[in-house]
$ cat upload06.pdb   # PDB, C-alpha atoms
ATOM      1  CA  MET V   1      33.785  20.533 -18.091  1.00  0.00           C
ATOM      2  CA  ILE V   2      30.405  19.032 -17.237  1.00  0.00           C
ATOM      3  CA  GLU V   3      27.436  21.367 -17.035  1.00  0.00           C
ATOM      4  CA  VAL V   4      23.682  21.436 -17.085  1.00  0.00           C
ATOM      5  CA  ASP V   5      21.951  23.503 -19.745  1.00  0.00           C
ATOM      6  CA  CYS V   6      18.280  24.335 -20.018  1.00  0.00           C
ATOM      7  CA  HIS V   7      16.058  25.363 -22.898  1.00  0.00           C
ATOM      8  CA  ILE V   8      12.613  26.771 -22.563  1.00  0.00           C
ATOM      9  CA  SER V   9       9.660  26.749 -24.872  1.00  0.00           C
ATOM     10  CA  ILE V  10       6.221  28.301 -24.674  1.00  0.00           C
ATOM     11  CA  LYS V  11       3.287  26.134 -25.598  1.00  0.00           C
ATOM     12  CA  LYS V  12      -0.331  26.623 -26.435  1.00  0.00           C
ATOM     13  CA  ASN V  13      -2.471  23.564 -25.796  1.00  0.00           C
ATOM     14  CA  GLY V  14       0.658  21.445 -25.537  1.00  0.00           C
ATOM     15  CA  ILE V  15       2.177  22.600 -28.845  1.00  0.00           C
ATOM     16  CA  SER V  16       5.311  24.724 -28.694  1.00  0.00           C
ATOM     17  CA  PHE V  17       5.201  27.999 -30.603  1.00  0.00           C
ATOM     18  CA  LEU V  18       8.212  29.783 -29.108  1.00  0.00           C
ATOM     19  CA  ASN V  19      11.712  28.525 -28.336  1.00  0.00           C
ATOM     20  CA  ALA V  20      15.270  29.858 -28.239  1.00  0.00           C
ATOM     21  CA  VAL V  21      15.795  29.790 -32.027  1.00  0.00           C
ATOM     22  CA  ARG V  22      12.499  31.538 -32.728  1.00  0.00           C
ATOM     23  CA  THR V  23      13.225  34.097 -30.039  1.00  0.00           C
ATOM     24  CA  GLU V  24      16.456  34.991 -31.821  1.00  0.00           C
ATOM     25  CA  LEU V  25      14.468  35.516 -35.015  1.00  0.00           C
ATOM     26  CA  LEU V  26      11.983  37.773 -33.222  1.00  0.00           C
ATOM     27  CA  LYS V  27      14.839  39.837 -31.769  1.00  0.00           C
ATOM     28  CA  GLU V  28      16.369  40.303 -35.219  1.00  0.00           C
ATOM     29  CA  VAL V  29      13.003  41.208 -36.726  1.00  0.00           C
ATOM     30  CA  ALA V  30      12.587  43.841 -34.012  1.00  0.00           C
ATOM     31  CA  LEU V  31      16.070  45.210 -34.737  1.00  0.00           C
ATOM     32  CA  CYS V  32      15.933  45.070 -38.545  1.00  0.00           C
ATOM     33  CA  GLY V  33      12.263  45.820 -39.241  1.00  0.00           C
ATOM     34  CA  SER V  34      12.520  43.404 -42.152  1.00  0.00           C
ATOM     35  CA  LEU V  35      12.288  39.647 -42.365  1.00  0.00           C
ATOM     36  CA  SER V  36      14.807  39.325 -45.189  1.00  0.00           C
ATOM     37  CA  ALA V  37      17.401  41.327 -43.220  1.00  0.00           C
ATOM     38  CA  ALA V  38      16.688  39.257 -40.089  1.00  0.00           C
ATOM     39  CA  ALA V  39      17.047  35.997 -42.059  1.00  0.00           C
ATOM     40  CA  LYS V  40      20.317  37.206 -43.568  1.00  0.00           C
ATOM     41  CA  LYS V  41      21.667  38.113 -40.127  1.00  0.00           C
ATOM     42  CA  LEU V  42      20.835  34.634 -38.819  1.00  0.00           C
ATOM     43  CA  LYS V  43      22.167  32.946 -41.968  1.00  0.00           C
ATOM     44  CA  ILE V  44      18.889  31.185 -42.704  1.00  0.00           C
ATOM     45  CA  SER V  45      16.782  31.372 -45.861  1.00  0.00           C
ATOM     46  CA  TYR V  46      13.998  33.936 -46.172  1.00  0.00           C
ATOM     47  CA  GLN V  47      11.541  31.088 -46.721  1.00  0.00           C
ATOM     48  CA  HIS V  48      12.639  29.301 -43.540  1.00  0.00           C
ATOM     49  CA  ALA V  49      12.318  32.521 -41.541  1.00  0.00           C
ATOM     50  CA  TRP V  50       8.922  33.213 -43.107  1.00  0.00           C
ATOM     51  CA  ASN V  51       7.730  29.680 -42.267  1.00  0.00           C
ATOM     52  CA  MET V  52       8.850  30.055 -38.645  1.00  0.00           C
ATOM     53  CA  ILE V  53       6.997  33.357 -38.265  1.00  0.00           C
ATOM     54  CA  ASP V  54       3.929  32.011 -40.034  1.00  0.00           C
ATOM     55  CA  ASP V  55       3.872  28.990 -37.728  1.00  0.00           C
ATOM     56  CA  MET V  56       4.297  31.164 -34.623  1.00  0.00           C
ATOM     57  CA  ASN V  57       1.597  33.562 -35.739  1.00  0.00           C
ATOM     58  CA  LYS V  58      -0.842  30.716 -36.305  1.00  0.00           C
ATOM     59  CA  GLN V  59       0.042  28.761 -33.148  1.00  0.00           C
ATOM     60  CA  ALA V  60       0.216  31.657 -30.665  1.00  0.00           C
ATOM     61  CA  PRO V  61      -2.939  33.141 -29.117  1.00  0.00           C
ATOM     62  CA  GLU V  62      -2.269  36.293 -31.166  1.00  0.00           C
ATOM     63  CA  PRO V  63       0.159  37.007 -34.050  1.00  0.00           C
ATOM     64  CA  LEU V  64       3.652  37.908 -32.806  1.00  0.00           C
ATOM     65  CA  VAL V  65       4.779  39.603 -36.004  1.00  0.00           C
ATOM     66  CA  ASN V  66       2.924  41.772 -38.476  1.00  0.00           C
ATOM     67  CA  MET V  67       4.308  41.043 -41.920  1.00  0.00           C
ATOM     68  CA  GLN V  68       3.972  42.532 -45.365  1.00  0.00           C
ATOM     69  CA  ARG V  69       5.218  40.021 -47.917  1.00  0.00           C
ATOM     70  CA  GLY V  70       6.979  41.094 -51.118  1.00  0.00           C
ATOM     71  CA  GLY V  71       8.318  44.478 -52.209  1.00  0.00           C
ATOM     72  CA  THR V  72      11.887  45.382 -53.120  1.00  0.00           C
ATOM     73  CA  ASN V  73      13.189  44.744 -49.597  1.00  0.00           C
ATOM     74  CA  GLY V  74      11.334  41.470 -49.112  1.00  0.00           C
ATOM     75  CA  GLY V  75       8.561  43.148 -47.142  1.00  0.00           C
ATOM     76  CA  GLY V  76       8.524  44.873 -43.777  1.00  0.00           C
ATOM     77  CA  ALA V  77       8.075  43.029 -40.500  1.00  0.00           C
ATOM     78  CA  VAL V  78       7.373  44.422 -37.053  1.00  0.00           C
ATOM     79  CA  LEU V  79       6.609  42.806 -33.725  1.00  0.00           C
ATOM     80  CA  SER V  80       3.024  43.112 -32.586  1.00  0.00           C
ATOM     81  CA  VAL V  81       2.300  44.421 -29.075  1.00  0.00           C
ATOM     82  CA  TYR V  82       1.762  40.797 -28.046  1.00  0.00           C
ATOM     83  CA  GLY V  83       5.007  39.724 -29.773  1.00  0.00           C
ATOM     84  CA  ASP V  84       6.939  42.408 -27.939  1.00  0.00           C
ATOM     85  CA  ARG V  85       5.399  41.417 -24.605  1.00  0.00           C
ATOM     86  CA  ILE V  86       5.989  37.690 -24.992  1.00  0.00           C
ATOM     87  CA  LEU V  87       9.590  38.301 -26.081  1.00  0.00           C
ATOM     88  CA  ARG V  88      10.249  40.269 -22.896  1.00  0.00           C
ATOM     89  CA  GLU V  89       8.483  37.661 -20.746  1.00  0.00           C
ATOM     90  CA  TYR V  90      10.507  34.911 -22.418  1.00  0.00           C
ATOM     91  CA  GLY V  91      13.725  36.775 -21.625  1.00  0.00           C
ATOM     92  CA  GLN V  92      12.761  37.171 -17.979  1.00  0.00           C
ATOM     93  CA  ILE V  93      11.752  33.532 -17.576  1.00  0.00           C
ATOM     94  CA  GLU V  94      14.928  32.381 -19.313  1.00  0.00           C
ATOM     95  CA  ALA V  95      17.053  34.595 -17.053  1.00  0.00           C
ATOM     96  CA  GLN V  96      15.367  33.157 -13.932  1.00  0.00           C
ATOM     97  CA  LEU V  97      15.920  29.578 -15.054  1.00  0.00           C
ATOM     98  CA  LYS V  98      19.481  30.183 -16.248  1.00  0.00           C
ATOM     99  CA  LYS V  99      20.275  31.681 -12.844  1.00  0.00           C
ATOM    100  CA  MET V 100      18.983  28.540 -11.145  1.00  0.00           C
ATOM    101  CA  VAL V 101      20.938  26.374 -13.583  1.00  0.00           C
ATOM    102  CA  SER V 102      24.103  28.353 -12.821  1.00  0.00           C
ATOM    103  CA  GLN V 103      23.613  27.650  -9.124  1.00  0.00           C
ATOM    104  CA  ILE V 104      23.063  23.962  -9.869  1.00  0.00           C
ATOM    105  CA  ASN V 105      26.252  23.940 -11.934  1.00  0.00           C
ATOM    106  CA  VAL V 106      28.193  25.275  -8.970  1.00  0.00           C
ATOM    107  CA  GLU V 107      26.692  22.652  -6.655  1.00  0.00           C
ATOM    108  CA  ILE V 108      26.817  19.495  -8.751  1.00  0.00           C
ATOM    109  CA  ASN V 109      29.845  17.403  -9.393  1.00  0.00           C
ATOM    110  CA  LEU V 110      29.070  15.163 -12.345  1.00  0.00           C
TER     111      LEU V 110
ATOM    112  CA  MET O 111      -3.775  27.105 -22.322  1.00  0.00           C
ATOM    113  CA  ILE O 112      -0.416  28.868 -22.488  1.00  0.00           C
ATOM    114  CA  GLU O 113       2.459  27.405 -20.510  1.00  0.00           C
ATOM    115  CA  VAL O 114       6.210  27.426 -20.236  1.00  0.00           C
ATOM    116  CA  ASP O 115       8.067  24.143 -20.583  1.00  0.00           C
ATOM    117  CA  CYS O 116      11.715  23.462 -19.944  1.00  0.00           C
ATOM    118  CA  HIS O 117      14.104  20.794 -21.153  1.00  0.00           C
ATOM    119  CA  ILE O 118      17.476  20.106 -19.676  1.00  0.00           C
ATOM    120  CA  SER O 119      20.596  18.621 -21.139  1.00  0.00           C
ATOM    121  CA  ILE O 120      23.962  17.747 -19.677  1.00  0.00           C
ATOM    122  CA  LYS O 121      27.001  18.762 -21.626  1.00  0.00           C
ATOM    123  CA  LYS O 122      30.665  17.934 -21.628  1.00  0.00           C
ATOM    124  CA  ASN O 123      32.836  20.657 -23.117  1.00  0.00           C
ATOM    125  CA  GLY O 124      29.745  22.266 -24.621  1.00  0.00           C
ATOM    126  CA  ILE O 125      28.461  19.106 -26.335  1.00  0.00           C
ATOM    127  CA  SER O 126      25.268  17.583 -24.972  1.00  0.00           C
ATOM    128  CA  PHE O 127      25.424  13.904 -24.092  1.00  0.00           C
ATOM    129  CA  LEU O 128      22.263  13.549 -22.003  1.00  0.00           C
ATOM    130  CA  ASN O 129      18.753  14.877 -22.574  1.00  0.00           C
ATOM    131  CA  ALA O 130      15.163  13.862 -21.829  1.00  0.00           C
ATOM    132  CA  VAL O 131      14.924  11.292 -24.645  1.00  0.00           C
ATOM    133  CA  ARG O 132      18.207   9.649 -23.715  1.00  0.00           C
ATOM    134  CA  THR O 133      17.218   9.633 -20.052  1.00  0.00           C
ATOM    135  CA  GLU O 134      14.094   7.648 -20.962  1.00  0.00           C
ATOM    136  CA  LEU O 135      16.298   5.142 -22.754  1.00  0.00           C
ATOM    137  CA  LEU O 136      18.589   4.807 -19.728  1.00  0.00           C
ATOM    138  CA  LYS O 137      15.581   4.246 -17.463  1.00  0.00           C
ATOM    139  CA  GLU O 138      14.290   1.483 -19.735  1.00  0.00           C
ATOM    140  CA  VAL O 139      17.720  -0.113 -19.950  1.00  0.00           C
ATOM    141  CA  ALA O 140      17.869  -0.126 -16.151  1.00  0.00           C
ATOM    142  CA  LEU O 141      14.413  -1.728 -15.982  1.00  0.00           C
ATOM    143  CA  CYS O 142      14.828  -4.251 -18.812  1.00  0.00           C
ATOM    144  CA  GLY O 143      18.516  -5.165 -18.527  1.00  0.00           C
ATOM    145  CA  SER O 144      18.544  -5.433 -22.302  1.00  0.00           C
ATOM    146  CA  LEU O 145      18.909  -2.863 -25.031  1.00  0.00           C
ATOM    147  CA  SER O 146      16.604  -4.640 -27.465  1.00  0.00           C
ATOM    148  CA  ALA O 147      13.819  -4.811 -24.861  1.00  0.00           C
ATOM    149  CA  ALA O 148      14.358  -1.127 -23.983  1.00  0.00           C
ATOM    150  CA  ALA O 149      14.236  -0.143 -27.681  1.00  0.00           C
ATOM    151  CA  LYS O 150      11.042  -2.162 -28.168  1.00  0.00           C
ATOM    152  CA  LYS O 151       9.425  -0.486 -25.170  1.00  0.00           C
ATOM    153  CA  LEU O 152      10.252   2.960 -26.563  1.00  0.00           C
ATOM    154  CA  LYS O 153       9.219   1.964 -30.098  1.00  0.00           C
ATOM    155  CA  ILE O 154      12.590   2.822 -31.602  1.00  0.00           C
ATOM    156  CA  SER O 155      14.923   0.573 -33.573  1.00  0.00           C
ATOM    157  CA  TYR O 156      17.635  -1.415 -31.834  1.00  0.00           C
ATOM    158  CA  GLN O 157      20.213   0.340 -34.011  1.00  0.00           C
ATOM    159  CA  HIS O 158      18.936   3.794 -33.041  1.00  0.00           C
ATOM    160  CA  ALA O 159      19.018   2.865 -29.353  1.00  0.00           C
ATOM    161  CA  TRP O 160      22.493   1.393 -29.752  1.00  0.00           C
ATOM    162  CA  ASN O 161      23.717   4.557 -31.500  1.00  0.00           C
ATOM    163  CA  MET O 162      22.336   6.748 -28.718  1.00  0.00           C
ATOM    164  CA  ILE O 163      24.052   4.681 -26.030  1.00  0.00           C
ATOM    165  CA  ASP O 164      27.283   4.539 -28.017  1.00  0.00           C
ATOM    166  CA  ASP O 165      27.244   8.316 -28.436  1.00  0.00           C
ATOM    167  CA  MET O 166      26.530   8.879 -24.724  1.00  0.00           C
ATOM    168  CA  ASN O 167      29.234   6.446 -23.684  1.00  0.00           C
ATOM    169  CA  LYS O 168      31.792   8.180 -25.882  1.00  0.00           C
ATOM    170  CA  GLN O 169      30.738  11.748 -25.001  1.00  0.00           C
ATOM    171  CA  ALA O 170      30.292  11.379 -21.246  1.00  0.00           C
ATOM    172  CA  PRO O 171      33.278  11.457 -18.875  1.00  0.00           C
ATOM    173  CA  GLU O 172      32.670   7.745 -18.221  1.00  0.00           C
ATOM    174  CA  PRO O 173      30.444   5.170 -19.988  1.00  0.00           C
ATOM    175  CA  LEU O 174      26.851   5.270 -18.732  1.00  0.00           C
ATOM    176  CA  VAL O 175      25.921   1.792 -19.936  1.00  0.00           C
ATOM    177  CA  ASN O 176      27.888  -1.426 -20.098  1.00  0.00           C
ATOM    178  CA  MET O 177      26.762  -3.320 -23.181  1.00  0.00           C
ATOM    179  CA  GLN O 178      27.316  -6.758 -24.608  1.00  0.00           C
ATOM    180  CA  ARG O 179      26.334  -6.748 -28.258  1.00  0.00           C
ATOM    181  CA  GLY O 180      24.818  -9.801 -29.952  1.00  0.00           C
ATOM    182  CA  GLY O 181      23.443 -13.029 -28.505  1.00  0.00           C
ATOM    183  CA  THR O 182      19.935 -14.409 -28.815  1.00  0.00           C
ATOM    184  CA  ASN O 183      18.398 -11.555 -26.835  1.00  0.00           C
ATOM    185  CA  GLY O 184      20.328  -8.809 -28.602  1.00  0.00           C
ATOM    186  CA  GLY O 185      22.880  -8.564 -25.788  1.00  0.00           C
ATOM    187  CA  GLY O 186      22.603  -7.495 -22.192  1.00  0.00           C
ATOM    188  CA  ALA O 187      22.863  -3.882 -21.056  1.00  0.00           C
ATOM    189  CA  VAL O 188      23.286  -2.502 -17.559  1.00  0.00           C
ATOM    190  CA  LEU O 189      23.848   0.998 -16.233  1.00  0.00           C
ATOM    191  CA  SER O 190      27.323   1.665 -14.930  1.00  0.00           C
ATOM    192  CA  VAL O 191      27.744   3.159 -11.460  1.00  0.00           C
ATOM    193  CA  TYR O 192      28.298   6.508 -13.168  1.00  0.00           C
ATOM    194  CA  GLY O 193      25.224   6.009 -15.381  1.00  0.00           C
ATOM    195  CA  ASP O 194      23.084   5.256 -12.372  1.00  0.00           C
ATOM    196  CA  ARG O 195      24.400   8.319 -10.530  1.00  0.00           C
ATOM    197  CA  ILE O 196      23.950  10.733 -13.422  1.00  0.00           C
ATOM    198  CA  LEU O 197      20.430   9.433 -14.054  1.00  0.00           C
ATOM    199  CA  ARG O 198      19.475  10.180 -10.441  1.00  0.00           C
ATOM    200  CA  GLU O 199      21.154  13.602 -10.571  1.00  0.00           C
ATOM    201  CA  TYR O 200      19.338  14.393 -13.821  1.00  0.00           C
ATOM    202  CA  GLY O 201      16.024  13.485 -12.194  1.00  0.00           C
ATOM    203  CA  GLN O 202      16.703  15.732  -9.228  1.00  0.00           C
ATOM    204  CA  ILE O 203      17.790  18.674 -11.375  1.00  0.00           C
ATOM    205  CA  GLU O 204      14.781  18.213 -13.657  1.00  0.00           C
ATOM    206  CA  ALA O 205      12.438  18.113 -10.658  1.00  0.00           C
ATOM    207  CA  GLN O 206      13.944  21.353  -9.264  1.00  0.00           C
ATOM    208  CA  LEU O 207      13.570  23.156 -12.586  1.00  0.00           C
ATOM    209  CA  LYS O 208      10.092  21.785 -13.298  1.00  0.00           C
ATOM    210  CA  LYS O 209       9.002  23.031  -9.858  1.00  0.00           C
ATOM    211  CA  MET O 210      10.257  26.510 -10.712  1.00  0.00           C
ATOM    212  CA  VAL O 211       8.548  26.346 -14.114  1.00  0.00           C
ATOM    213  CA  SER O 212       5.278  25.340 -12.427  1.00  0.00           C
ATOM    214  CA  GLN O 213       5.514  28.419 -10.204  1.00  0.00           C
ATOM    215  CA  ILE O 214       6.222  30.577 -13.245  1.00  0.00           C
ATOM    216  CA  ASN O 215       3.190  29.082 -14.992  1.00  0.00           C
ATOM    217  CA  VAL O 216       1.000  30.114 -12.076  1.00  0.00           C
ATOM    218  CA  GLU O 217       2.408  33.642 -12.102  1.00  0.00           C
ATOM    219  CA  ILE O 218       2.525  34.470 -15.818  1.00  0.00           C
ATOM    220  CA  ASN O 219      -0.381  35.453 -17.937  1.00  0.00           C
ATOM    221  CA  LEU O 220       0.659  35.081 -21.550  1.00  0.00           C
TER     222      LEU O 220
END

$ encode --input "upload06.pdb" --output "structure tokens"
Amino acid sequence: MIEVDCHISIKKNGISFLNAVRTELLKEVALCGSLSAAAKKLKISYQHAWNMIDDMNKQAPEPLVNMQRGGTNGGGAVLSVYGDRILREYGQIEAQLKKMVSQINVEINL
Amino acid sequence: MIEVDCHISIKKNGISFLNAVRTELLKEVALCGSLSAAAKKLKISYQHAWNMIDDMNKQAPEPLVNMQRGGTNGGGAVLSVYGDRILREYGQIEAQLKKMVSQINVEINL
């Protein structure tokens, strides 16, 4: 089966700070309230998750996640108001584009 | 400046065989008629270009490029009829999606 797929990213000054993988991490952070739990759920290391969040927070116009490093549970992590908003916007944009891609997949015959 | 970007890929049975980077390679192959010249233009090694084409040819429903390895010019390379068709289709799909993304970029305020 041949099909078109599309991936979106959000950039600031041409540099991507949000993509599908990072969005999954944000969703897990929002659900778990902890970066270590989110990392565990996604089967990635705490350090890798921390680096992704740190990069996003520095690249984005405002931090997406408020983090407290350390502590017995690896520190708490919550989405900022901006993080919550951009996550919802990302979901809406992705849904719009995926809908268009689905239509294209019905029409094309590759 | 915050903006959404989108990248498309074409998959067979869930495995991508064509994306933006590979499309650039196909375009250069079509222009140059030689894989070594195309690789040089894109500043990648001949081996890397060859591997990409080999992977595409094996993954896609039909080979995209007909190659002759070796010779003084590193062998000739031409797009197959299927390669030419899929390259045009990719361009059209990309243009459609990029147009939608441009509209989204006017509307959003991230």

$ calpha_fit_and_write --input "upload06.pdb" --fixed "chain O" --moving "chain V" --output "PDB file with C-alpha atoms, keeping the file's coordinate frame"
ATOM      1  CA  MET V   1      -3.770  27.069 -22.318  1.00  0.00           C
ATOM      2  CA  ILE V   2      -0.420  28.846 -22.492  1.00  0.00           C
ATOM      3  CA  GLU V   3       2.458  27.386 -20.518  1.00  0.00           C
ATOM      4  CA  VAL V   4       6.202  27.415 -20.232  1.00  0.00           C
ATOM      5  CA  ASP V   5       8.064  24.137 -20.595  1.00  0.00           C
ATOM      6  CA  CYS V   6      11.720  23.457 -19.950  1.00  0.00           C
ATOM      7  CA  HIS V   7      14.117  20.794 -21.152  1.00  0.00           C
ATOM      8  CA  ILE V   8      17.487  20.110 -19.688  1.00  0.00           C
ATOM      9  CA  SER V   9      20.601  18.622 -21.150  1.00  0.00           C
ATOM     10  CA  ILE V  10      23.970  17.740 -19.685  1.00  0.00           C
ATOM     11  CA  LYS V  11      27.025  18.758 -21.632  1.00  0.00           C
ATOM     12  CA  LYS V  12      30.679  17.936 -21.633  1.00  0.00           C
ATOM     13  CA  ASN V  13      32.853  20.653 -23.127  1.00  0.00           C
ATOM     14  CA  GLY V  14      29.776  22.270 -24.631  1.00  0.00           C
ATOM     15  CA  ILE V  15      28.472  19.107 -26.327  1.00  0.00           C
ATOM     16  CA  SER V  16      25.276  17.581 -24.982  1.00  0.00           C
ATOM     17  CA  PHE V  17      25.432  13.898 -24.089  1.00  0.00           C
ATOM     18  CA  LEU V  18      22.269  13.549 -22.001  1.00  0.00           C
ATOM     19  CA  ASN V  19      18.759  14.886 -22.569  1.00  0.00           C
ATOM     20  CA  ALA V  20      15.167  13.881 -21.839  1.00  0.00           C
ATOM     21  CA  VAL V  21      14.924  11.301 -24.652  1.00  0.00           C
ATOM     22  CA  ARG V  22      18.212   9.653 -23.710  1.00  0.00           C
ATOM     23  CA  THR V  23      17.217   9.635 -20.061  1.00  0.00           C
ATOM     24  CA  GLU V  24      14.101   7.662 -20.963  1.00  0.00           C
ATOM     25  CA  LEU V  25      16.303   5.138 -22.756  1.00  0.00           C
ATOM     26  CA  LEU V  26      18.584   4.818 -19.726  1.00  0.00           C
ATOM     27  CA  LYS V  27      15.570   4.242 -17.464  1.00  0.00           C
ATOM     28  CA  GLU V  28      14.286   1.478 -19.738  1.00  0.00           C
ATOM     29  CA  VAL V  29      17.726  -0.115 -19.953  1.00  0.00           C
ATOM     30  CA  ALA V  30      17.865  -0.134 -16.152  1.00  0.00           C
ATOM     31  CA  LEU V  31      14.407  -1.729 -15.984  1.00  0.00           C
ATOM     32  CA  CYS V  32      14.828  -4.251 -18.812  1.00  0.00           C
ATOM     33  CA  GLY V  33      18.517  -5.163 -18.528  1.00  0.00           C
ATOM     34  CA  SER V  34      18.544  -5.432 -22.310  1.00  0.00           C
ATOM     35  CA  LEU V  35      18.899  -2.855 -25.039  1.00  0.00           C
ATOM     36  CA  SER V  36      16.605  -4.646 -27.479  1.00  0.00           C
ATOM     37  CA  ALA V  37      13.816  -4.814 -24.869  1.00  0.00           C
ATOM     38  CA  ALA V  38      14.356  -1.135 -23.990  1.00  0.00           C
ATOM     39  CA  ALA V  39      14.237  -0.147 -27.685  1.00  0.00           C
ATOM     40  CA  LYS V  40      11.053  -2.161 -28.176  1.00  0.00           C
ATOM     41  CA  LYS V  41       9.428  -0.484 -25.171  1.00  0.00           C
ATOM     42  CA  LEU V  42      10.261   2.960 -26.569  1.00  0.00           C
ATOM     43  CA  LYS V  43       9.214   1.968 -30.098  1.00  0.00           C
ATOM     44  CA  ILE V  44      12.586   2.832 -31.604  1.00  0.00           C
ATOM     45  CA  SER V  45      14.914   0.583 -33.594  1.00  0.00           C
ATOM     46  CA  TYR V  46      17.638  -1.402 -31.846  1.00  0.00           C
ATOM     47  CA  GLN V  47      20.210   0.353 -34.027  1.00  0.00           C
ATOM     48  CA  HIS V  48      18.932   3.807 -33.049  1.00  0.00           C
ATOM     49  CA  ALA V  49      19.013   2.867 -29.365  1.00  0.00           C
ATOM     50  CA  TRP V  50      22.493   1.388 -29.767  1.00  0.00           C
ATOM     51  CA  ASN V  51      23.721   4.559 -31.513  1.00  0.00           C
ATOM     52  CA  MET V  52      22.327   6.753 -28.727  1.00  0.00           C
ATOM     53  CA  ILE V  53      24.052   4.683 -26.040  1.00  0.00           C
ATOM     54  CA  ASP V  54      27.279   4.528 -28.019  1.00  0.00           C
ATOM     55  CA  ASP V  55      27.253   8.306 -28.438  1.00  0.00           C
ATOM     56  CA  MET V  56      26.538   8.863 -24.733  1.00  0.00           C
ATOM     57  CA  ASN V  57      29.243   6.440 -23.685  1.00  0.00           C
ATOM     58  CA  LYS V  58      31.798   8.181 -25.879  1.00  0.00           C
ATOM     59  CA  GLN V  59      30.740  11.747 -25.019  1.00  0.00           C
ATOM     60  CA  ALA V  60      30.301  11.360 -21.245  1.00  0.00           C
ATOM     61  CA  PRO V  61      33.290  11.450 -18.876  1.00  0.00           C
ATOM     62  CA  GLU V  62      32.682   7.736 -18.225  1.00  0.00           C
ATOM     63  CA  PRO V  63      30.453   5.157 -19.987  1.00  0.00           C
ATOM     64  CA  LEU V  64      26.854   5.258 -18.725  1.00  0.00           C
ATOM     65  CA  VAL V  65      25.917   1.792 -19.940  1.00  0.00           C
ATOM     66  CA  ASN V  66      27.886  -1.426 -20.088  1.00  0.00           C
ATOM     67  CA  MET V  67      26.781  -3.317 -23.172  1.00  0.00           C
ATOM     68  CA  GLN V  68      27.327  -6.760 -24.601  1.00  0.00           C
ATOM     69  CA  ARG V  69      26.345  -6.743 -28.262  1.00  0.00           C
ATOM     70  CA  GLY V  70      24.794  -9.780 -29.956  1.00  0.00           C
ATOM     71  CA  GLY V  71      23.442 -13.021 -28.504  1.00  0.00           C
ATOM     72  CA  THR V  72      19.926 -14.411 -28.797  1.00  0.00           C
ATOM     73  CA  ASN V  73      18.387 -11.558 -26.795  1.00  0.00           C
ATOM     74  CA  GLY V  74      20.294  -8.799 -28.570  1.00  0.00           C
ATOM     75  CA  GLY V  75      22.865  -8.570 -25.791  1.00  0.00           C
ATOM     76  CA  GLY V  76      22.605  -7.495 -22.175  1.00  0.00           C
ATOM     77  CA  ALA V  77      22.864  -3.887 -21.055  1.00  0.00           C
ATOM     78  CA  VAL V  78      23.270  -2.495 -17.560  1.00  0.00           C
ATOM     79  CA  LEU V  79      23.833   0.993 -16.223  1.00  0.00           C
ATOM     80  CA  SER V  80      27.314   1.665 -14.929  1.00  0.00           C
ATOM     81  CA  VAL V  81      27.740   3.163 -11.445  1.00  0.00           C
ATOM     82  CA  TYR V  82      28.305   6.510 -13.165  1.00  0.00           C
ATOM     83  CA  GLY V  83      25.228   5.997 -15.386  1.00  0.00           C
ATOM     84  CA  ASP V  84      23.090   5.263 -12.355  1.00  0.00           C
ATOM     85  CA  ARG V  85      24.408   8.326 -10.525  1.00  0.00           C
ATOM     86  CA  ILE V  86      23.955  10.737 -13.419  1.00  0.00           C
ATOM     87  CA  LEU V  87      20.428   9.435 -14.044  1.00  0.00           C
ATOM     88  CA  ARG V  88      19.480  10.189 -10.441  1.00  0.00           C
ATOM     89  CA  GLU V  89      21.157  13.612 -10.563  1.00  0.00           C
ATOM     90  CA  TYR V  90      19.342  14.387 -13.813  1.00  0.00           C
ATOM     91  CA  GLY V  91      16.022  13.489 -12.190  1.00  0.00           C
ATOM     92  CA  GLN V  92      16.703  15.747  -9.221  1.00  0.00           C
ATOM     93  CA  ILE V  93      17.784  18.687 -11.368  1.00  0.00           C
ATOM     94  CA  GLU V  94      14.779  18.225 -13.645  1.00  0.00           C
ATOM     95  CA  ALA V  95      12.430  18.119 -10.645  1.00  0.00           C
ATOM     96  CA  GLN V  96      13.923  21.364  -9.267  1.00  0.00           C
ATOM     97  CA  LEU V  97      13.557  23.161 -12.585  1.00  0.00           C
ATOM     98  CA  LYS V  98      10.077  21.793 -13.287  1.00  0.00           C
ATOM     99  CA  LYS V  99       8.992  23.034  -9.860  1.00  0.00           C
ATOM    100  CA  MET V 100      10.245  26.517 -10.710  1.00  0.00           C
ATOM    101  CA  VAL V 101       8.538  26.342 -14.103  1.00  0.00           C
ATOM    102  CA  SER V 102       5.270  25.341 -12.420  1.00  0.00           C
ATOM    103  CA  GLN V 103       5.506  28.415 -10.207  1.00  0.00           C
ATOM    104  CA  ILE V 104       6.215  30.585 -13.248  1.00  0.00           C
ATOM    105  CA  ASN V 105       3.189  29.080 -14.983  1.00  0.00           C
ATOM    106  CA  VAL V 106       0.998  30.101 -12.069  1.00  0.00           C
ATOM    107  CA  GLU V 107       2.399  33.641 -12.102  1.00  0.00           C
ATOM    108  CA  ILE V 108       2.519  34.474 -15.799  1.00  0.00           C
ATOM    109  CA  ASN V 109      -0.392  35.453 -17.926  1.00  0.00           C
ATOM    110  CA  LEU V 110       0.662  35.059 -21.541  1.00  0.00           C
TER     111      LEU V 110
END

$ resolve_selection --input "upload06.pdb" --expression "the ChimeraX specification (/O :<7) & /V" --output "MDAnalysis selection string"
chainID V and resid 1:13 86 110

$ atom_distance --input "upload06.pdb" --atom1 "atom CA of Ser146 of chain O" --atom2 "atom CA of Met162 of chain O"
12.8 Å

$ atom_distance --input "upload06.pdb" --atom1 "atom CA of Gly193 of chain O" --atom2 "atom CA of Glu172 of chain O"
8.2 Å

$ resolve_selection --input "upload06.pdb" --expression "the PyMOL selection byres ((chain V and resi 23-29) around 8)" --output "ChimeraX atom specification"
/V:18-22,30-35,37-39,41-42,49,65,77-79,87

$ atom_distance --input "upload06.pdb" --atom1 "atom CA of Asp194 of chain O" --atom2 "atom CA of Ile163 of chain O"
13.7 Å

$ axis_aligned_box --input "upload06.pdb" --around "segment 32-43 of chain V" --padding-each-side "6 Å" --output "AutoDock Vina command-line options"
--center_x 17.2 --center_y 39.4 --center_z -41.9 --size_x 21.9 --size_y 24.9 --size_z 18.6
